[in-house]
file my_file00.pdb (PDB, C-alpha atoms)
ATOM      1  CA  MET N 705       7.541  -2.144  -0.358
ATOM      2  CA  VAL N 706       9.918  -4.758   1.074
ATOM      3  CA  TRP N 707      13.290  -3.215   0.323
ATOM      4  CA  ARG N 708      15.155  -2.126   3.440
ATOM      5  CA  GLY N 709      18.316  -1.020   1.678
ATOM      6  CA  GLY N 710      19.213   2.381   0.216
ATOM      7  CA  ARG N 711      17.929   5.702   1.427
ATOM      8  CA  GLY N 712      18.232   7.948  -1.658
ATOM      9  CA  TRP N 713      14.669   8.811  -2.608
ATOM     10  CA  TYR N 714      13.198   7.890   0.744
ATOM     11  CA  GLY N 715      15.770   9.990   2.557
ATOM     12  CA  ARG N 716      14.512  12.984   0.610
ATOM     13  CA  VAL N 717      10.918  12.109   1.454
ATOM     14  CA  LEU N 718      11.842  11.787   5.123
ATOM     15  CA  ALA N 719      13.497  15.180   5.050
ATOM     16  CA  ALA N 720      10.401  16.683   3.474
ATOM     17  CA  ALA N 721       8.311  15.240   6.280
ATOM     18  CA  VAL N 722      10.230  16.997   9.061
ATOM     19  CA  GLY N 723       7.994  19.515  10.746
ATOM     20  CA  VAL N 724       4.753  17.620  10.235
ATOM     21  CA  THR N 725       2.506  18.455  13.146
ATOM     22  CA  ALA N 726       2.392  15.742  15.791
ATOM     23  CA  VAL N 727      -0.907  14.011  16.381
ATOM     24  CA  ALA N 728      -1.920  12.503  19.687
ATOM     25  CA  ALA N 729      -1.622   8.734  19.609
ATOM     26  CA  ALA N 730      -4.722   6.779  20.549
ATOM     27  CA  THR N 731      -5.393   3.169  21.504
ATOM     28  CA  SER N 732      -3.543   0.760  23.768
ATOM     29  CA  VAL N 733      -0.832  -1.726  22.881
ATOM     30  CA  TRP N 734      -2.061  -5.051  21.586
ATOM     31  CA  SER N 735       0.096  -7.852  22.951
ATOM     32  CA  ALA N 736      -0.121 -10.341  20.053
ATOM     33  CA  GLN N 737       2.775 -10.772  17.651
ATOM     34  CA  ALA N 738       2.599  -8.900  14.343
ATOM     35  CA  GLY N 739       1.452 -11.014  11.410
ATOM     36  CA  PRO N 740       3.420 -11.929   8.283
ATOM     37  CA  VAL N 741       3.696  -9.713   5.259
ATOM     38  CA  GLY N 742       4.907 -11.345   2.092
ATOM     39  CA  SER N 743       7.830 -13.517   3.141
ATOM     40  CA  ARG N 744       8.884 -11.669   6.300
ATOM     41  CA  PRO N 745      10.002 -14.449   8.663
ATOM     42  CA  GLY N 746       9.357 -14.902  12.350
ATOM     43  CA  ARG N 747       6.039 -13.062  12.633
ATOM     44  CA  ALA N 748       3.037 -15.197  13.575
ATOM     45  CA  GLU N 749      -0.300 -14.066  12.178
ATOM     46  CA  ALA N 750      -2.749 -13.155  14.915
ATOM     47  CA  ALA N 751      -6.350 -14.256  14.670
ATOM     48  CA  ALA N 752      -8.562 -11.725  12.941
ATOM     49  CA  ARG N 753     -10.737  -9.673  15.225
ATOM     50  CA  PRO N 754     -12.698  -6.518  14.522
ATOM     51  CA  PHE N 755     -11.607  -3.255  16.088
ATOM     52  CA  TRP N 756     -14.076  -0.434  16.614
ATOM     53  CA  PRO N 757     -12.749   3.019  15.735
ATOM     54  CA  HIS N 758     -12.415   5.576  18.539
ATOM     55  CA  ALA N 759     -12.167   8.666  16.348
ATOM     56  CA  GLN N 760     -14.942  11.239  16.437
ATOM     57  CA  GLY N 761     -17.064  11.696  13.343
ATOM     58  CA  PRO N 762     -19.379   9.426  11.324
ATOM     59  CA  ALA N 763     -19.509   5.823  12.504
ATOM     60  CA  ARG N 764     -17.397   3.400  10.482
ATOM     61  CA  ALA N 765     -17.692  -0.343  10.113
ATOM     62  CA  PRO N 766     -15.370  -2.374  12.354
ATOM     63  CA  VAL N 767     -12.045  -3.279  10.745
ATOM     64  CA  SER N 768      -9.902  -6.292  11.556
ATOM     65  CA  VAL N 769      -6.400  -5.756  12.932
ATOM     66  CA  ALA N 770      -5.174  -8.844  11.035
ATOM     67  CA  ILE N 771      -3.040  -8.154   7.975
ATOM     68  CA  ALA N 772      -5.147  -8.616   4.836
ATOM     69  CA  HIS N 773      -3.859 -10.862   2.065
ATOM     70  CA  ALA N 774      -7.118 -12.130   0.527
ATOM     71  CA  SER N 775      -9.171 -10.631  -2.301
ATOM     72  CA  ASP N 776     -12.811  -9.638  -2.097
ATOM     73  CA  ARG N 777     -13.244 -11.501  -5.398
ATOM     74  CA  GLY N 778     -12.491 -14.860  -3.818
ATOM     75  CA  ALA N 779     -10.127 -17.631  -4.867
ATOM     76  CA  ARG N 780      -9.754 -16.422  -8.471
ATOM     77  CA  GLY N 781      -9.436 -12.780  -7.539
ATOM     78  CA  VAL N 782      -6.344 -10.595  -7.951
ATOM     79  CA  ASP N 783      -5.653  -7.344  -6.132
ATOM     80  CA  ILE N 784      -3.261  -4.938  -7.832
ATOM     81  CA  THR N 785      -1.585  -2.656  -5.288
ATOM     82  CA  VAL N 786       0.657   0.277  -6.189
ATOM     83  CA  ASP N 787       2.996   1.854  -3.642
ATOM     84  CA  ASP N 788       4.971   5.029  -2.901
ATOM     85  CA  GLY N 789       3.218   7.606  -5.071
ATOM     86  CA  PRO N 790       1.597   9.581  -6.312
ATOM     87  CA  ASP N 791       4.260  10.624  -8.788
ATOM     88  CA  PRO N 792       3.635  13.220 -11.539
ATOM     89  CA  VAL N 793       5.414  11.114 -14.178
ATOM     90  CA  TRP N 794       4.510   7.532 -13.373
ATOM     91  CA  THR N 795       1.127   7.612 -11.642
ATOM     92  CA  PRO N 796      -0.687   8.953 -14.743
ATOM     93  CA  ARG N 797       0.940   6.234 -16.867
ATOM     94  CA  VAL N 798      -0.080   3.506 -14.422
ATOM     95  CA  LEU N 799      -3.609   4.928 -14.325
ATOM     96  CA  LYS N 800      -3.742   4.864 -18.127
ATOM     97  CA  VAL N 801      -2.820   1.165 -18.275
ATOM     98  CA  LEU N 802      -5.330   0.266 -15.574
ATOM     99  CA  ARG N 803      -8.032   2.186 -17.440
ATOM    100  CA  GLU N 804      -7.225   0.453 -20.726
ATOM    101  CA  TYR N 805      -7.767  -2.969 -19.161
ATOM    102  CA  GLY N 806     -10.659  -2.006 -16.902
ATOM    103  CA  VAL N 807      -8.743  -2.818 -13.709
ATOM    104  CA  LYS N 808      -9.212  -1.154 -10.332
ATOM    105  CA  ALA N 809      -6.261  -1.025  -7.944
ATOM    106  CA  THR N 810      -5.302   0.078  -4.452
ATOM    107  CA  PHE N 811      -2.805   2.954  -4.261
ATOM    108  CA  CYS N 812      -0.686   3.026  -1.099
ATOM    109  CA  MET N 813       0.346   6.659  -0.904
ATOM    110  CA  VAL N 814       3.150   8.390   0.975
ATOM    111  CA  GLY N 815       1.740  11.383   2.844
ATOM    112  CA  THR N 816       4.182  13.975   1.542
ATOM    113  CA  GLN N 817       3.660  12.772  -2.019
ATOM    114  CA  ALA N 818      -0.117  13.052  -1.658
ATOM    115  CA  GLN N 819       0.250  16.519  -0.179
ATOM    116  CA  ALA N 820       2.470  17.599  -3.081
ATOM    117  CA  HIS N 821       0.190  16.156  -5.798
ATOM    118  CA  PRO N 822      -3.457  16.426  -4.716
ATOM    119  CA  ASP N 823      -4.586  16.459  -8.349
ATOM    120  CA  LEU N 824      -3.212  12.940  -8.764
ATOM    121  CA  VAL N 825      -4.843  11.726  -5.554
ATOM    122  CA  ARG N 826      -8.169  13.012  -6.855
ATOM    123  CA  ALA N 827      -7.541  11.371 -10.228
ATOM    124  CA  VAL N 828      -6.978   8.027  -8.501
ATOM    125  CA  VAL N 829     -10.229   8.377  -6.575
ATOM    126  CA  ALA N 830     -12.190   9.585  -9.608
ATOM    127  CA  ALA N 831     -11.100   6.497 -11.534
ATOM    128  CA  GLY N 832     -12.608   4.221  -8.880
ATOM    129  CA  HIS N 833      -9.423   3.070  -7.216
ATOM    130  CA  ARG N 834      -8.942   2.822  -3.452
ATOM    131  CA  LEU N 835      -6.535   4.678  -1.177
ATOM    132  CA  CYS N 836      -4.083   3.226   1.313
ATOM    133  CA  ASP N 837      -1.995   5.005   3.972
ATOM    134  CA  HIS N 838       1.731   4.313   3.451
ATOM    135  CA  THR N 839       2.918   6.716   6.207
ATOM    136  CA  VAL N 840       4.288  10.243   5.989
ATOM    137  CA  SER N 841       7.864   9.485   4.969
ATOM    138  CA  HIS N 842       8.150   5.783   4.099
ATOM    139  CA  ASP N 843      10.360   4.922   7.058
ATOM    140  CA  ILE N 844      11.155   1.221   6.701
ATOM    141  CA  THR N 845      12.354   1.098  10.304
ATOM    142  CA  MET N 846       8.892   1.936  11.665
ATOM    143  CA  ASP N 847       8.801  -1.229  13.744
ATOM    144  CA  THR N 848      11.839  -0.077  15.746
ATOM    145  CA  LYS N 849      10.418   3.339  16.627
ATOM    146  CA  SER N 850       8.310   4.580  19.521
ATOM    147  CA  GLU N 851       4.537   4.360  19.512
ATOM    148  CA  SER N 852       4.275   8.153  19.393
ATOM    149  CA  TYR N 853       6.433   8.202  16.254
ATOM    150  CA  GLN N 854       4.363   5.445  14.636
ATOM    151  CA  ALA N 855       1.181   7.355  15.458
ATOM    152  CA  ARG N 856       2.482  10.554  13.862
ATOM    153  CA  GLN N 857       3.563   8.710  10.721
ATOM    154  CA  ILE N 858       0.248   6.907  10.308
ATOM    155  CA  LEU N 859      -2.241   9.556  11.405
ATOM    156  CA  ASP N 860      -0.531  12.515   9.762
ATOM    157  CA  ALA N 861      -0.413  10.570   6.491
ATOM    158  CA  GLU N 862      -4.081   9.665   6.842
ATOM    159  CA  ARG N 863      -4.906  13.344   7.242
ATOM    160  CA  MET N 864      -2.680  14.392   4.323
ATOM    161  CA  ILE N 865      -4.190  11.807   1.968
ATOM    162  CA  THR N 866      -7.758  12.574   3.033
ATOM    163  CA  LYS N 867      -7.252  16.298   2.510
ATOM    164  CA  ALA N 868      -5.558  15.790  -0.867
ATOM    165  CA  SER N 869      -8.379  13.502  -2.026
ATOM    166  CA  GLY N 870     -11.069  16.009  -1.172
ATOM    167  CA  GLY N 871     -12.340  14.030   1.799
ATOM    168  CA  VAL N 872     -11.972  10.379   0.750
ATOM    169  CA  ARG N 873     -10.245   8.438   3.509
ATOM    170  CA  PRO N 874      -7.700   5.641   3.042
ATOM    171  CA  GLN N 875      -9.269   2.219   3.552
ATOM    172  CA  TYR N 876      -6.000   0.393   4.234
ATOM    173  CA  TYR N 877      -2.656   0.871   5.963
ATOM    174  CA  ARG N 878       0.506  -0.695   4.558
ATOM    175  CA  ALA N 879       3.648  -0.395   6.655
ATOM    176  CA  PRO N 880       6.754   0.539   4.631
ATOM    177  CA  GLY N 881       8.857  -2.560   4.113
ATOM    178  CA  GLY N 882       6.201  -4.578   5.943
ATOM    179  CA  ALA N 883       7.370  -3.046   9.239
ATOM    180  CA  PHE N 884       4.097  -3.595  11.089
ATOM    181  CA  THR N 885       3.843  -3.682  14.860
ATOM    182  CA  PRO N 886       0.929  -4.808  17.027
ATOM    183  CA  TYR N 887       0.439  -1.167  17.983
ATOM    184  CA  SER N 888       0.456   0.182  14.429
ATOM    185  CA  ARG N 889      -2.014  -2.451  13.302
ATOM    186  CA  GLU N 890      -4.441  -1.664  16.092
ATOM    187  CA  LEU N 891      -4.057   2.079  15.579
ATOM    188  CA  ALA N 892      -4.727   1.788  11.841
ATOM    189  CA  ALA N 893      -7.767  -0.431  12.426
ATOM    190  CA  SER N 894      -9.127   2.029  14.980
ATOM    191  CA  HIS N 895      -9.135   4.630  12.213
ATOM    192  CA  GLY N 896     -10.917   2.372   9.746
ATOM    193  CA  MET N 897      -7.799   1.236   7.850
ATOM    194  CA  ARG N 898      -7.254  -2.503   7.416
ATOM    195  CA  PRO N 899      -3.568  -3.485   7.658
ATOM    196  CA  LEU N 900      -2.576  -4.586   4.159
ATOM    197  CA  GLY N 901       0.062  -7.123   3.185
ATOM    198  CA  TRP N 902       0.936  -8.742  -0.116
ATOM    199  CA  ASN N 903       1.448 -12.221  -1.579
ATOM    200  CA  VAL N 904       3.436 -11.433  -4.718
ATOM    201  CA  ASP N 905       6.274  -8.917  -4.714
ATOM    202  CA  SER N 906       7.099  -7.993  -8.299
ATOM    203  CA  LYS N 907      10.390  -6.455  -7.081
ATOM    204  CA  ASP N 908       9.957  -3.749  -9.677
ATOM    205  CA  PHE N 909      11.934  -1.357  -7.453
ATOM    206  CA  GLU N 910      15.038  -3.355  -8.459
ATOM    207  CA  ARG N 911      14.325  -2.687 -12.168
ATOM    208  CA  PRO N 912      15.372  -6.209 -13.241
ATOM    209  CA  GLY N 913      13.769  -5.845 -16.675
ATOM    210  CA  THR N 914      10.189  -6.096 -17.887
ATOM    211  CA  ASP N 915      10.507  -9.788 -18.787
ATOM    212  CA  VAL N 916      11.692 -10.621 -15.275
ATOM    213  CA  LEU N 917       8.837  -8.680 -13.680
ATOM    214  CA  VAL N 918       6.283 -10.472 -15.825
ATOM    215  CA  ALA N 919       7.837 -13.879 -15.110
ATOM    216  CA  THR N 920       7.901 -13.182 -11.355
ATOM    217  CA  VAL N 921       4.196 -12.427 -11.214
ATOM    218  CA  LYS N 922       3.284 -15.405 -13.391
ATOM    219  CA  GLN N 923       5.362 -17.759 -11.246
ATOM    220  CA  GLU N 924       4.178 -16.422  -7.879
ATOM    221  CA  ILE N 925       0.502 -15.624  -8.423
ATOM    222  CA  SER N 926      -0.324 -19.036  -6.977
ATOM    223  CA  ASN N 927       1.007 -17.697  -3.641
ATOM    224  CA  GLY N 928      -2.040 -15.474  -3.300
ATOM    225  CA  PRO N 929      -3.966 -12.606  -4.862
ATOM    226  CA  THR N 930      -2.342  -9.392  -3.682
ATOM    227  CA  VAL N 931       0.386  -8.175  -6.050
ATOM    228  CA  LEU N 932       2.804  -5.362  -5.205
ATOM    229  CA  PHE N 933       3.996  -2.741  -7.709
ATOM    230  CA  HIS N 934       5.330   0.826  -7.408
ATOM    231  CA  ASP N 935       4.537   4.087  -9.177
ATOM    232  CA  ALA N 936       7.253   6.259  -7.569
ATOM    233  CA  GLY N 937      10.772   6.149  -6.178
ATOM    234  CA  GLY N 938      12.532   6.092  -9.538
ATOM    235  CA  ASP N 939      12.075   5.114 -13.158
ATOM    236  CA  ARG N 940       8.949   2.941 -13.327
ATOM    237  CA  SER N 941       8.856   2.378 -17.088
ATOM    238  CA  GLN N 942       9.436  -1.342 -16.536
ATOM    239  CA  THR N 943       6.422  -1.442 -14.227
ATOM    240  CA  VAL N 944       4.210   0.218 -16.828
ATOM    241  CA  HIS N 945       5.361  -2.179 -19.565
ATOM    242  CA  ALA N 946       4.987  -5.187 -17.257
ATOM    243  CA  LEU N 947       1.412  -4.229 -16.345
ATOM    244  CA  ARG N 948       0.541  -4.142 -20.048
ATOM    245  CA  GLU N 949       1.539  -7.794 -20.277
ATOM    246  CA  ILE N 950       0.434  -9.038 -16.879
ATOM    247  CA  LEU N 951      -3.116  -7.667 -16.758
ATOM    248  CA  PRO N 952      -4.370  -9.309 -19.995
ATOM    249  CA  TRP N 953      -2.499 -12.517 -19.137
ATOM    250  CA  LEU N 954      -4.252 -12.715 -15.761
ATOM    251  CA  LYS N 955      -7.605 -12.216 -17.471
ATOM    252  CA  ARG N 956      -6.840 -15.032 -19.909
ATOM    253  CA  GLN N 957      -6.083 -17.302 -16.953
ATOM    254  CA  GLY N 958      -9.572 -16.692 -15.602
ATOM    255  CA  TYR N 959      -8.710 -14.224 -12.854
ATOM    256  CA  SER N 960     -10.877 -11.228 -12.010
ATOM    257  CA  PHE N 961      -9.680  -8.047 -10.383
ATOM    258  CA  GLY N 962     -10.889  -6.750  -7.026
ATOM    259  CA  PHE N 963      -9.755  -5.137  -3.830
ATOM    260  CA  PRO N 964      -8.179  -6.541  -0.664
ATOM    261  CA  VAL N 965     -10.681  -7.744   1.911
ATOM    262  CA  ARG N 966     -11.792  -5.274   4.527
TER
END
call {"tool": "encode", "arguments": {"input": "my_file00.pdb", "output": "structure tokens"}}
result
Amino acid sequence: MVWRGGRGWYGRVLAAAVGVTAVAAATSVWSAQAGPVGSRPGRAEAAARPFWPHAQGPARAPVSVAIAHASDRGARGVDITVDDGPDPVWTPRVLKVLREYGVKATFCMVGTQAQAHPDLVRAVVAAGHRLCDHTVSHDITMDTKSESYQARQILDAERMITKASGGVRPQYYRAPGGAFTPYSRELAASHGMRPLGWNVDSKDFERPGTDVLVATVKQEISNGPTVLFHDAGGDRSQTVHALREILPWLKRQGYSFGFPVR
């Protein structure tokens, strides 16, 4: 999510996250500049390079520290990404629309939300969607905080989501508001989570009206394949209605639906 204003819902999430057990931060600082997310200015994209995970346990494939924007379906692929949930009201409705149109998406989950609604996390996984770590408390000032704080937010959320899912790990990490740092990107990659950006921001969190959301996606899909929506943080009825129009329209334009590159 790109919005850096307002604290209402996210302030409550942050409060709920207080007391989360600290996790030791691993990995060293990577000196390259953080790459761009959406239209964030002044951040040069670093060259992609694989990063081998340090964590104990089964070996994982190397993951690039570069922020992903491309689709695994190629030039005519579209990646639907859904942030800030799971939410007991809106996540089931989003899942229903995706099921109706046979679309798989990537759900970027807030750790405390996943912990509170493990049934929804499992429903997302059971439907064939992918999981993404969106930190413990959705702090959009992550890039101004210490490395130890970033590590707690990322790794505690990874643990919360994995536990809630029944053992399925997040495959991506999306910084709240696009607040990536070189350190957070390398840390996420070392735990098998590709940093995930977006190309099209529907701005559904502003609730501008369903017609505006649909028009925004139609106008900006040429910017790239990864589209950002939300299933929590407020009334998401406009998002649900917009998806009902956008998904069949994208299919008629010859797009296919996939996942962000790993």
call {"tool": "closest_residue", "arguments": {"input": "my_file00.pdb", "among": "N:His821, N:Arg966, N:Lys955, N:Lys849", "to": "Gly806 (chain N)", "atoms": "all atoms listed in the file"}}
result
N:Lys955
call {"tool": "residues_around", "arguments": {"input": "my_file00.pdb", "residues": "Ala809 (chain N)", "least_positions_apart": "3", "cutoff": "10 Å", "atoms": "only C-alpha atoms", "output": "compact mmCIF listing (two decimals) with C-alpha atoms, in the frame of the given file"}}
result
# COMPACT_ATOMS: atom_id res chain seq x y z
CA VAL N 782 -6.34 -10.60 -7.95
CA ASP N 783 -5.65 -7.34 -6.13
CA ILE N 784 -3.26 -4.94 -7.83
CA THR N 785 -1.58 -2.66 -5.29
CA VAL N 786 0.66 0.28 -6.19
CA LEU N 799 -3.61 4.93 -14.32
CA LEU N 802 -5.33 0.27 -15.57
CA CYS N 812 -0.69 3.03 -1.10
CA VAL N 828 -6.98 8.03 -8.50
CA ALA N 831 -11.10 6.50 -11.53
CA GLY N 832 -12.61 4.22 -8.88
CA HIS N 833 -9.42 3.07 -7.22
CA ARG N 834 -8.94 2.82 -3.45
CA LEU N 835 -6.54 4.68 -1.18
CA VAL N 931 0.39 -8.18 -6.05
CA PHE N 961 -9.68 -8.05 -10.38
CA GLY N 962 -10.89 -6.75 -7.03
CA PHE N 963 -9.76 -5.14 -3.83
CA PRO N 964 -8.18 -6.54 -0.66
call {"tool": "resolve_selection", "arguments": {"input": "my_file00.pdb", "expression": "the PyMOL selection byres ((chain N and resi 927) around 7)", "output": "PyMOL selection string"}}
result
chain N and resi 903-904+924-926+928
call {"tool": "atom_distance", "arguments": {"input": "my_file00.pdb", "atom1": "CA of His945 (chain N)", "atom2": "CA of Thr914 (chain N)"}}
result
6.4 Å
call {"tool": "closest_residue", "arguments": {"input": "my_file00.pdb", "among": "N:His838, N:Arg826, N:Lys907, N:His773", "to": "Gly871 (chain N)", "atoms": "all atoms listed in the file"}}
result
N:Arg826
call {"tool": "resolve_selection", "arguments": {"input": "my_file00.pdb", "expression": "the PyMOL selection byres ((chain N and resi 880) around 10)", "output": "MDAnalysis selection string"}}
result
chainID N and resid 705:708 787:788 812 814 837:839 841:847 877:879 881:884
call {"tool": "residues_around", "arguments": {"input": "my_file00.pdb", "residues": "Pro874 (chain N)", "least_positions_apart": "2", "cutoff": "7 Å", "atoms": "all atoms listed in the file", "output": "mmCIF file with C-alpha atoms, in the frame of the given file"}}
result
data_model
loop_
_atom_site.group_PDB
_atom_site.id
_atom_site.type_symbol
_atom_site.label_atom_id
_atom_site.label_comp_id
_atom_site.auth_asym_id
_atom_site.auth_seq_id
_atom_site.Cartn_x
_atom_site.Cartn_y
_atom_site.Cartn_z
ATOM 1 C CA LEU N 835 -6.535 4.678 -1.177
ATOM 2 C CA CYS N 836 -4.083 3.226 1.313
ATOM 3 C CA ASP N 837 -1.995 5.005 3.972
ATOM 4 C CA GLU N 862 -4.081 9.665 6.842
ATOM 5 C CA THR N 866 -7.758 12.574 3.033
ATOM 6 C CA VAL N 872 -11.972 10.379 0.750
ATOM 7 C CA TYR N 876 -6.000 0.393 4.234
ATOM 8 C CA MET N 897 -7.799 1.236 7.850
#
call {"tool": "atom_distance", "arguments": {"input": "my_file00.pdb", "atom1": "CA of Thr816 (chain N)", "atom2": "CA of Val840 (chain N)"}}
result
5.8 Å
call {"tool": "atom_distance", "arguments": {"input": "my_file00.pdb", "atom1": "CA of Ala936 (chain N)", "atom2": "CA of Ala919 (chain N)"}}
result
21.5 Å
call {"tool": "closest_residue", "arguments": {"input": "my_file00.pdb", "among": "N:Val965, N:Gln854, N:Leu951, N:Gln817", "to": "Ala892 (chain N)", "atoms": "all atoms listed in the file"}}
result
N:Gln854
call {"tool": "residues_around", "arguments": {"input": "my_file00.pdb", "residues": "Pro952 (chain N)", "least_positions_apart": "5", "cutoff": "12 Å", "atoms": "all atoms listed in the file", "output": "number ranges by chain"}}
result
N: 801-802, 804-807, 918, 922, 946-947, 957-961
call {"tool": "closest_residue", "arguments": {"input": "my_file00.pdb", "among": "N:Ala820, N:Val767, N:Ala774, N:Leu954", "to": "Gly789 (chain N)", "atoms": "all atoms listed in the file"}}
result
N:Ala820
call {"tool": "closest_residue", "arguments": {"input": "my_file00.pdb", "among": "N:Leu932, N:Leu891, N:Ile950, N:Ala779", "to": "Asp915 (chain N)", "atoms": "all atoms listed in the file"}}
result
N:Ile950
call {"tool": "build_atoms", "arguments": {"input": "my_file00.pdb", "residues": "region 764-784 of chain N", "atoms": "N, CA and C atoms", "output": "PDB file, in the frame of the given file"}}
result
ATOM      1  N   ARG N 764     -17.955   4.228  11.533  1.00  0.00           N
ATOM      2  CA  ARG N 764     -17.397   3.400  10.482  1.00  0.00           C
ATOM      3  C   ARG N 764     -17.571   1.936  10.865  1.00  0.00           C
ATOM      4  N   ALA N 765     -17.572   1.087   9.859  1.00  0.00           N
ATOM      5  CA  ALA N 765     -17.692  -0.343  10.113  1.00  0.00           C
ATOM      6  C   ALA N 765     -16.434  -0.826  10.828  1.00  0.00           C
ATOM      7  N   PRO N 766     -16.544  -1.845  11.673  1.00  0.00           N
ATOM      8  CA  PRO N 766     -15.370  -2.374  12.354  1.00  0.00           C
ATOM      9  C   PRO N 766     -14.387  -2.965  11.357  1.00  0.00           C
ATOM     10  N   VAL N 767     -13.099  -2.803  11.635  1.00  0.00           N
ATOM     11  CA  VAL N 767     -12.045  -3.279  10.745  1.00  0.00           C
ATOM     12  C   VAL N 767     -11.143  -4.225  11.530  1.00  0.00           C
ATOM     13  N   SER N 768     -10.776  -5.317  10.911  1.00  0.00           N
ATOM     14  CA  SER N 768      -9.902  -6.292  11.556  1.00  0.00           C
ATOM     15  C   SER N 768      -8.483  -5.749  11.680  1.00  0.00           C
ATOM     16  N   VAL N 769      -7.810  -6.125  12.751  1.00  0.00           N
ATOM     17  CA  VAL N 769      -6.400  -5.756  12.932  1.00  0.00           C
ATOM     18  C   VAL N 769      -5.471  -6.734  12.215  1.00  0.00           C
ATOM     19  N   ALA N 770      -6.003  -7.858  11.729  1.00  0.00           N
ATOM     20  CA  ALA N 770      -5.174  -8.844  11.035  1.00  0.00           C
ATOM     21  C   ALA N 770      -4.758  -8.311   9.673  1.00  0.00           C
ATOM     22  N   ILE N 771      -3.546  -8.615   9.256  1.00  0.00           N
ATOM     23  CA  ILE N 771      -3.040  -8.154   7.975  1.00  0.00           C
ATOM     24  C   ILE N 771      -3.789  -8.862   6.843  1.00  0.00           C
ATOM     25  N   ALA N 772      -4.365  -8.068   5.945  1.00  0.00           N
ATOM     26  CA  ALA N 772      -5.147  -8.616   4.836  1.00  0.00           C
ATOM     27  C   ALA N 772      -4.235  -9.116   3.734  1.00  0.00           C
ATOM     28  N   HIS N 773      -4.528 -10.317   3.236  1.00  0.00           N
ATOM     29  CA  HIS N 773      -3.859 -10.862   2.065  1.00  0.00           C
ATOM     30  C   HIS N 773      -4.861 -11.348   1.018  1.00  0.00           C
ATOM     31  N   ALA N 774      -6.114 -11.547   1.413  1.00  0.00           N
ATOM     32  CA  ALA N 774      -7.118 -12.130   0.527  1.00  0.00           C
ATOM     33  C   ALA N 774      -7.797 -11.061  -0.318  1.00  0.00           C
ATOM     34  N   SER N 775      -8.442 -11.515  -1.403  1.00  0.00           N
ATOM     35  CA  SER N 775      -9.171 -10.631  -2.301  1.00  0.00           C
ATOM     36  C   SER N 775     -10.666 -10.725  -2.041  1.00  0.00           C
ATOM     37  N   ASP N 776     -11.362  -9.607  -2.239  1.00  0.00           N
ATOM     38  CA  ASP N 776     -12.811  -9.638  -2.097  1.00  0.00           C
ATOM     39  C   ASP N 776     -13.489 -10.340  -3.270  1.00  0.00           C
ATOM     40  N   ARG N 777     -12.703 -10.751  -4.264  1.00  0.00           N
ATOM     41  CA  ARG N 777     -13.244 -11.501  -5.398  1.00  0.00           C
ATOM     42  C   ARG N 777     -13.073 -13.009  -5.237  1.00  0.00           C
ATOM     43  N   GLY N 778     -12.582 -13.437  -4.092  1.00  0.00           N
ATOM     44  CA  GLY N 778     -12.491 -14.860  -3.818  1.00  0.00           C
ATOM     45  C   GLY N 778     -11.234 -15.511  -4.353  1.00  0.00           C
ATOM     46  N   ALA N 779     -11.307 -16.831  -4.539  1.00  0.00           N
ATOM     47  CA  ALA N 779     -10.127 -17.631  -4.867  1.00  0.00           C
ATOM     48  C   ALA N 779      -9.503 -17.270  -6.202  1.00  0.00           C
ATOM     49  N   ARG N 780     -10.290 -16.788  -7.161  1.00  0.00           N
ATOM     50  CA  ARG N 780      -9.754 -16.422  -8.471  1.00  0.00           C
ATOM     51  C   ARG N 780      -9.661 -14.911  -8.634  1.00  0.00           C
ATOM     52  N   GLY N 781      -9.581 -14.223  -7.511  1.00  0.00           N
ATOM     53  CA  GLY N 781      -9.436 -12.780  -7.539  1.00  0.00           C
ATOM     54  C   GLY N 781      -7.973 -12.368  -7.494  1.00  0.00           C
ATOM     55  N   VAL N 782      -7.678 -11.191  -8.022  1.00  0.00           N
ATOM     56  CA  VAL N 782      -6.344 -10.595  -7.951  1.00  0.00           C
ATOM     57  C   VAL N 782      -6.505  -9.144  -7.527  1.00  0.00           C
ATOM     58  N   ASP N 783      -5.661  -8.728  -6.595  1.00  0.00           N
ATOM     59  CA  ASP N 783      -5.653  -7.344  -6.132  1.00  0.00           C
ATOM     60  C   ASP N 783      -4.346  -6.695  -6.582  1.00  0.00           C
ATOM     61  N   ILE N 784      -4.437  -5.697  -7.430  1.00  0.00           N
ATOM     62  CA  ILE N 784      -3.261  -4.938  -7.832  1.00  0.00           C
ATOM     63  C   ILE N 784      -3.066  -3.809  -6.831  1.00  0.00           C
TER      64      ILE N 784
END
